[in-house]
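These notes concern the structure reproduced below.
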Amino acid sequence: MSGTVRLTTAQALVRFLAAQEVERDGRRERLIAGCFGIFGHGNVAGIGQALQQHSDVMPYHQARNEQAMVHVAAGYARQRNRLGTFACTTSVGPGATNMVTGAALATVNRLPVLLLPGDTFAGRGPHPVLQQLEVPHDATISVNDAFRPVSRFFDRIQRPEQLLASLPEAMRVLTDQAETGAVTLAFPEDVQTEACEWPAAFLEPRTWTIWRQPPVPAALARAVELIRGAKRPLIVAGGGLIYSEAAAQLRALVDATGIPVCETQAGRGSLVSEHPLSLGAVGATGTAAANRLAREADLVIGIGTRWSDFTTASKSAFQDPDVRFVNVNVAAFDAAKHSGLALVGDAREALTALAAALAGHRADAGWTSRAREEKAAWEAEVDRLIAPRDEALPHQAAVIAAVNDAAGDTGVVVCAAGSMPGDLHKLWRTRDAKSYHVEYGYSCMGYEIPGGMGVKLAAPDRDVFVMVGDGSYLMLPGDLVTAVAERIKLTIVLVDNHGYASIGALSRSLGSAGFGTHYRQLGNGAVLEDAADGAGPAGPVEPLPIDLGANAESLGAYLIRARTIDDLRSALADARGIDGPAVIHIEVDRYAGVPSYEGWWEVPVAEVSDDPRVRAAREEYEKARQAQRRYVEAP
Ligand SMILES: Cc1ncc(C[n+]2csc(CCOP(=O)(O)OP(=O)(O)O)c2C)c(N)n1
Ligand SMILES: [Mg+2]
């Protein structure tokens, strides 16, 4: 293709993005599904004009909060196994910095999102403009520099022709399975509107192929040797396994070898819950089955995990003195953790190669049957935990079970922060690899509703169930309006316990009596705390005069109020028929939490205090820390 086309920088950007495709295993799809945006002076006549002019090739969606639109993109990317995302355009200043949290979430979770914050004039003519941060000692700084640490690729487009170099680099990072995360291209507002001659070839369709990289044969051979020699091998499945679409290969390996599997938050669903060797959640929010086997494992095979503190129970989960790690990961950075033998490569390739090389090998029969027994015992425990109780307010575990039933075989549960992620990690029964979407890399309150919107846009055939606490709901409810406007069908279960129950429980466990986690203040600056026995508040609580259900309804959502678990079940059935977002409001018992099952999480406690509760918690903390394995030897 020869010749040139005269377009503005923004027009060329939009045309380029519309023409990018991503391909894996012969399946090809659009890389940038559309563009979310909120306009201001920093993008309205540049990228805004370009989106208007090219609306036939790049769908535009209006958002209500810039952070939320990045969450939509991240939710979409995760549900699509990183094969597709959205672009997000903002004005300069506050619109731009509102995206920083979304960028961090995407980068922490290794999810591709393309961020296009507007920036102040490259030509500097009218400076300082509305919303500009002036830094007297450095004229090159703008608020967009805040994106640098939370982006996997950052550039500022100072001249139109810079796009020829910058956009391909941005696409490479978005589609690179090891490097992906937030990609930020800051666009000075004057440059957006400047025209130049673009090579026509630059605007032609281009396909970014994701090749599945097999692990190096010599490393594979060493891994096989370690697995053959292990007495108590355990697989820890992470999100990377799911992004690689390797659930079938995992199952084949497990069926052939009898090696049990446990899962991180992002890895839940890797081996469906009904499998007898699927031990479920591991670590701080793990099941008794997974945590007991983890404690004894002598070889831990991590697949697509970055070994967060929740997964390792703050490095206390793996107690065998001779435990060794084998890490399968596309990212060398993660594969090297815990001194592991690094199998750098694609999870599906690695699992297929391992299965072939291990043909005929079975893990120790006693270990496999131990795993089966622990799993069966855990299932009975789940049944006990989720059973409805005869109490004034329903408990959260029963709410989760009702939603799990309503989700059926293909429904997706979405959550991010509060007490629900831990409960879901333990209790949710997964039925396929894409039915569990808990954002626990950044655990960002407010992700739930926009993240759920992204899931629904990515998987229109699935029912999406957003579980959101009252605190998380209050952080970012505004994009319910976007779901209404775009008719994005979601069932949102708003689980209301009048405050930050999870942090309240954490605070109690650390001797601080739930301080600052109730909504109700007592007047004169006094803050409500919890009673010494942890069974309730230490004072009279009248709920604040707030009605979150009415709030959701006022934003255009269809509201159903449920008081009991039976109400909830019928509300979930009724919500099926609603076009757009339905919100089911249910109040739950703040103090009826699901306990921890032999998992620990390191949160530091004050070393000195007048309060005996804090001193006792500090003692416990120091004791618990003795179980940490801060250094594991290489195999
Ligand atoms: C943006 C953000 N701010 C603060 C936190 C710390 N935090 C984690 S859970 C939580 C409380 C969540 O409250 P709610 O959504 O009502 O859930 P609950 O704990 O009551 O189940 C807080 C403040 C966070 N994860 N994200
Ligand atoms: Mg709450």
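Chains: A, B, ... in order of the structure tokens. Residues: from 1 per chain. Ligands: from 1, in order shown.
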
**Item:** Test item: residues no farther than 10 Å from ligand 1, counting only C-alpha atoms and all ligand atoms, as a PyMOL selection string
**Value:** chain A and resi 101+396+415-423+440+442-448+467-476+494-506+516-519+588-591+593

**Request:** Name all residues at most 12 Å from Gln249 in chain A (count only C-alpha atoms; drop same-chain ones fewer than 2 positions away) and give them as a PyMOL selection string.
**Result:** chain A and resi 241-242+244-247+251-256+270-271+303+346-356

Okay, now the selection with N, CA and C atoms, as a short mmCIF file (atom, residue, chain, number, x, y, z; two decimals), in the first residue's frame?
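Okay, this is what ended up in result_38.cif:
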data_model
loop_
_atom_site.label_atom_id
_atom_site.label_comp_id
_atom_site.auth_asym_id
_atom_site.auth_seq_id
_atom_site.Cartn_x
_atom_site.Cartn_y
_atom_site.Cartn_z
N LEU A 241 -2.96 -19.35 34.01
CA LEU A 241 -3.43 -20.62 33.45
C LEU A 241 -4.74 -20.40 32.70
N ILE A 242 -5.58 -19.57 33.29
CA ILE A 242 -6.88 -19.31 32.66
C ILE A 242 -6.71 -18.45 31.41
N SER A 244 -4.31 -18.44 29.48
CA SER A 244 -3.72 -19.28 28.45
C SER A 244 -4.73 -20.32 27.92
N GLU A 245 -5.91 -20.37 28.52
CA GLU A 245 -6.96 -21.33 28.13
C GLU A 245 -6.42 -22.75 28.25
N ALA A 246 -5.91 -23.05 29.43
CA ALA A 246 -5.24 -24.33 29.64
C ALA A 246 -5.98 -25.24 30.62
N ALA A 247 -7.26 -24.95 30.89
CA ALA A 247 -7.99 -25.76 31.88
C ALA A 247 -8.07 -27.22 31.45
N ARG A 251 -6.53 -30.41 33.55
CA ARG A 251 -7.35 -31.55 33.96
C ARG A 251 -6.74 -32.86 33.47
N ALA A 252 -6.27 -32.85 32.23
CA ALA A 252 -5.65 -34.07 31.68
C ALA A 252 -4.43 -34.47 32.51
N LEU A 253 -3.63 -33.50 32.88
CA LEU A 253 -2.42 -33.80 33.67
C LEU A 253 -2.80 -34.34 35.05
N VAL A 254 -3.81 -33.72 35.65
CA VAL A 254 -4.25 -34.15 36.98
C VAL A 254 -4.84 -35.56 36.93
N ASP A 255 -5.66 -35.81 35.91
CA ASP A 255 -6.26 -37.15 35.79
C ASP A 255 -5.18 -38.21 35.56
N ALA A 256 -4.16 -37.82 34.80
CA ALA A 256 -3.12 -38.80 34.49
C ALA A 256 -2.19 -39.04 35.68
N SER A 270 -9.81 -22.97 37.42
CA SER A 270 -8.84 -23.72 36.61
C SER A 270 -9.20 -25.20 36.58
N LEU A 271 -9.56 -25.73 37.74
CA LEU A 271 -10.03 -27.11 37.82
C LEU A 271 -11.38 -27.05 38.53
N ILE A 303 1.52 -22.41 38.48
CA ILE A 303 1.26 -22.21 37.05
C ILE A 303 0.52 -20.89 36.87
N ASP A 346 4.34 -20.43 27.88
CA ASP A 346 2.89 -20.49 27.92
C ASP A 346 2.41 -21.68 28.75
N ALA A 347 1.38 -21.46 29.57
CA ALA A 347 0.91 -22.50 30.48
C ALA A 347 0.39 -23.72 29.72
N ARG A 348 -0.33 -23.48 28.65
CA ARG A 348 -0.90 -24.61 27.92
C ARG A 348 0.20 -25.45 27.29
N GLU A 349 1.18 -24.79 26.71
CA GLU A 349 2.31 -25.51 26.13
C GLU A 349 3.04 -26.31 27.21
N ALA A 350 3.25 -25.68 28.35
CA ALA A 350 4.01 -26.33 29.42
C ALA A 350 3.24 -27.53 29.96
N LEU A 351 1.93 -27.38 30.15
CA LEU A 351 1.14 -28.49 30.68
C LEU A 351 1.11 -29.66 29.70
N THR A 352 0.99 -29.34 28.42
CA THR A 352 0.97 -30.40 27.41
C THR A 352 2.30 -31.14 27.41
N ALA A 353 3.38 -30.37 27.47
CA ALA A 353 4.71 -30.99 27.45
C ALA A 353 4.95 -31.81 28.73
N LEU A 354 4.51 -31.29 29.86
CA LEU A 354 4.68 -32.02 31.12
C LEU A 354 3.90 -33.33 31.09
N ALA A 355 2.68 -33.27 30.58
CA ALA A 355 1.84 -34.48 30.54
C ALA A 355 2.51 -35.54 29.66
N ALA A 356 3.06 -35.12 28.54
CA ALA A 356 3.70 -36.08 27.64
C ALA A 356 4.92 -36.69 28.32
#

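Each of A:Ile32, A:Val493, A:Ala284, A:Ala624 was checked against Gln265 in chain A using only C-alpha atoms; the smallest atom-to-atom distance is that of A:Ala284.
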
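Ranking A:Thr85, A:Thr368, A:Ser609, A:Asn551 by their shortest atom-to-atom distance to Leu234 in chain A, with only C-alpha atoms included, puts A:Thr368 first.
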
From range 156-309 of chain A, collect each residue whose DSSP state is strand (DSSP E or B) and return the set as an mmCIF file with N, CA, C and O atoms, in the first residue's frame.
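File out_10.cif, as written:
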data_model
loop_
_atom_site.group_PDB
_atom_site.id
_atom_site.type_symbol
_atom_site.label_atom_id
_atom_site.label_comp_id
_atom_site.auth_asym_id
_atom_site.auth_seq_id
_atom_site.Cartn_x
_atom_site.Cartn_y
_atom_site.Cartn_z
ATOM 1 N N ARG A 156 4.441 10.332 25.662
ATOM 2 C CA ARG A 156 3.696 11.585 25.496
ATOM 3 C C ARG A 156 3.888 11.996 24.045
ATOM 4 O O ARG A 156 5.031 12.074 23.571
ATOM 5 N N ALA A 182 -1.330 -1.606 31.832
ATOM 6 C CA ALA A 182 -1.808 -0.329 31.309
ATOM 7 C C ALA A 182 -0.783 0.246 30.336
ATOM 8 O O ALA A 182 0.410 0.275 30.616
ATOM 9 N N VAL A 183 -1.272 0.680 29.192
ATOM 10 C CA VAL A 183 -0.445 1.388 28.216
ATOM 11 C C VAL A 183 -1.009 2.799 28.129
ATOM 12 O O VAL A 183 -2.197 2.983 27.865
ATOM 13 N N THR A 184 -0.167 3.780 28.417
ATOM 14 C CA THR A 184 -0.648 5.160 28.508
ATOM 15 C C THR A 184 0.031 6.033 27.455
ATOM 16 O O THR A 184 1.264 6.125 27.419
ATOM 17 N N LEU A 185 -0.768 6.639 26.621
ATOM 18 C CA LEU A 185 -0.262 7.606 25.649
ATOM 19 C C LEU A 185 -0.907 8.943 25.977
ATOM 20 O O LEU A 185 -2.099 9.140 25.761
ATOM 21 N N ALA A 186 -0.111 9.840 26.545
ATOM 22 C CA ALA A 186 -0.630 11.161 26.896
ATOM 23 C C ALA A 186 -0.630 12.021 25.632
ATOM 24 O O ALA A 186 0.371 12.060 24.909
ATOM 25 N N PHE A 187 -1.750 12.664 25.394
ATOM 26 C CA PHE A 187 -1.924 13.409 24.142
ATOM 27 C C PHE A 187 -2.114 14.899 24.386
ATOM 28 O O PHE A 187 -3.224 15.346 24.694
ATOM 29 N N PRO A 188 -1.073 15.720 24.223
ATOM 30 C CA PRO A 188 -1.259 17.166 24.313
ATOM 31 C C PRO A 188 -2.405 17.604 23.399
ATOM 32 O O PRO A 188 -2.545 17.107 22.265
ATOM 33 N N ALA A 195 -2.598 18.287 11.745
ATOM 34 C CA ALA A 195 -2.655 17.329 10.637
ATOM 35 C C ALA A 195 -1.262 17.019 10.127
ATOM 36 O O ALA A 195 -0.336 17.815 10.265
ATOM 37 N N CYS A 196 -1.137 15.830 9.559
ATOM 38 C CA CYS A 196 0.087 15.494 8.829
ATOM 39 C C CYS A 196 -0.227 14.420 7.806
ATOM 40 O O CYS A 196 -1.331 13.885 7.775
ATOM 41 N N GLU A 197 0.718 14.138 6.944
ATOM 42 C CA GLU A 197 0.547 13.111 5.907
ATOM 43 C C GLU A 197 0.941 11.763 6.516
ATOM 44 O O GLU A 197 2.076 11.594 6.952
ATOM 45 N N TRP A 198 0.024 10.836 6.535
ATOM 46 C CA TRP A 198 0.295 9.521 7.129
ATOM 47 C C TRP A 198 0.483 8.498 6.018
ATOM 48 O O TRP A 198 -0.306 8.489 5.065
ATOM 49 N N PRO A 199 1.480 7.633 6.140
ATOM 50 C CA PRO A 199 1.590 6.564 5.147
ATOM 51 C C PRO A 199 0.297 5.735 5.181
ATOM 52 O O PRO A 199 -0.150 5.335 6.263
ATOM 53 N N ARG A 206 -3.818 -4.651 10.727
ATOM 54 C CA ARG A 206 -2.603 -5.333 11.173
ATOM 55 C C ARG A 206 -2.961 -6.341 12.258
ATOM 56 O O ARG A 206 -3.763 -6.044 13.138
ATOM 57 N N THR A 207 -2.372 -7.507 12.174
ATOM 58 C CA THR A 207 -2.669 -8.567 13.141
ATOM 59 C C THR A 207 -1.479 -8.789 14.064
ATOM 60 O O THR A 207 -0.346 -8.931 13.603
ATOM 61 N N TRP A 208 -1.772 -8.807 15.348
ATOM 62 C CA TRP A 208 -0.755 -9.091 16.370
ATOM 63 C C TRP A 208 -0.953 -10.525 16.823
ATOM 64 O O TRP A 208 -1.937 -10.841 17.487
ATOM 65 N N THR A 209 -0.032 -11.382 16.435
ATOM 66 C CA THR A 209 -0.187 -12.802 16.759
ATOM 67 C C THR A 209 0.455 -13.096 18.109
ATOM 68 O O THR A 209 1.581 -12.672 18.375
ATOM 69 N N PRO A 233 3.555 -33.729 45.702
ATOM 70 C CA PRO A 233 3.473 -32.583 44.767
ATOM 71 C C PRO A 233 2.103 -31.913 44.814
ATOM 72 O O PRO A 233 1.085 -32.574 45.042
ATOM 73 N N LEU A 234 2.108 -30.613 44.609
ATOM 74 C CA LEU A 234 0.852 -29.852 44.640
ATOM 75 C C LEU A 234 0.918 -28.770 43.564
ATOM 76 O O LEU A 234 1.918 -28.054 43.465
ATOM 77 N N ILE A 235 -0.146 -28.653 42.803
ATOM 78 C CA ILE A 235 -0.206 -27.598 41.787
ATOM 79 C C ILE A 235 -0.956 -26.394 42.358
ATOM 80 O O ILE A 235 -2.014 -26.554 42.981
ATOM 81 N N VAL A 236 -0.400 -25.204 42.144
ATOM 82 C CA VAL A 236 -1.109 -23.966 42.477
ATOM 83 C C VAL A 236 -1.423 -23.265 41.155
ATOM 84 O O VAL A 236 -0.515 -22.836 40.440
ATOM 85 N N ALA A 237 -2.713 -23.199 40.836
ATOM 86 C CA ALA A 237 -3.122 -22.633 39.546
ATOM 87 C C ALA A 237 -3.483 -21.167 39.724
ATOM 88 O O ALA A 237 -4.274 -20.803 40.592
ATOM 89 N N VAL A 261 -4.778 -30.061 43.006
ATOM 90 C CA VAL A 261 -4.684 -28.673 42.546
ATOM 91 C C VAL A 261 -5.367 -27.736 43.532
ATOM 92 O O VAL A 261 -6.475 -28.017 44.005
ATOM 93 N N CYS A 262 -4.721 -26.620 43.830
ATOM 94 C CA CYS A 262 -5.416 -25.554 44.541
ATOM 95 C C CYS A 262 -5.245 -24.268 43.735
ATOM 96 O O CYS A 262 -4.458 -24.222 42.788
ATOM 97 N N GLU A 263 -6.005 -23.239 44.110
ATOM 98 C CA GLU A 263 -6.134 -22.091 43.215
ATOM 99 C C GLU A 263 -5.983 -20.748 43.925
ATOM 100 O O GLU A 263 -6.455 -20.565 45.048
ATOM 101 N N SER A 278 -9.756 -31.159 43.116
ATOM 102 C CA SER A 278 -9.800 -29.700 43.132
ATOM 103 C C SER A 278 -10.006 -29.245 44.567
ATOM 104 O O SER A 278 -11.103 -29.340 45.118
ATOM 105 N N LEU A 279 -8.922 -28.755 45.185
ATOM 106 C CA LEU A 279 -8.983 -28.392 46.606
ATOM 107 C C LEU A 279 -9.456 -26.962 46.807
ATOM 108 O O LEU A 279 -9.626 -26.514 47.927
ATOM 109 N N GLY A 280 -9.626 -26.230 45.726
ATOM 110 C CA GLY A 280 -10.141 -24.860 45.818
ATOM 111 C C GLY A 280 -9.087 -23.873 46.272
ATOM 112 O O GLY A 280 -7.893 -24.039 46.022
ATOM 113 N N ALA A 281 -9.561 -22.853 46.964
ATOM 114 C CA ALA A 281 -8.724 -21.712 47.342
ATOM 115 C C ALA A 281 -7.548 -22.128 48.217
ATOM 116 O O ALA A 281 -7.688 -22.957 49.108
ATOM 117 N N LEU A 299 6.849 -30.457 46.795
ATOM 118 C CA LEU A 299 7.103 -29.792 45.516
ATOM 119 C C LEU A 299 5.850 -29.013 45.119
ATOM 120 O O LEU A 299 4.765 -29.590 45.011
ATOM 121 N N VAL A 300 6.011 -27.716 44.955
ATOM 122 C CA VAL A 300 4.885 -26.862 44.597
ATOM 123 C C VAL A 300 5.068 -26.418 43.150
ATOM 124 O O VAL A 300 6.111 -25.841 42.806
ATOM 125 N N ILE A 301 4.080 -26.723 42.337
ATOM 126 C CA ILE A 301 4.165 -26.379 40.915
ATOM 127 C C ILE A 301 3.208 -25.215 40.677
ATOM 128 O O ILE A 301 1.989 -25.384 40.628
ATOM 129 N N GLY A 302 3.760 -24.011 40.617
ATOM 130 C CA GLY A 302 2.935 -22.820 40.387
ATOM 131 C C GLY A 302 2.738 -22.642 38.883
ATOM 132 O O GLY A 302 3.705 -22.729 38.121
ATOM 133 N N ILE A 303 1.523 -22.409 38.482
ATOM 134 C CA ILE A 303 1.262 -22.208 37.050
ATOM 135 C C ILE A 303 0.522 -20.891 36.870
ATOM 136 O O ILE A 303 -0.633 -20.756 37.284
#

**Complete:** Restricting to only C-alpha atoms, whichever of A:Val603, A:Ile565, A:Leu457, A:Val608 is closest to Ser314 in chain A is A:Val603
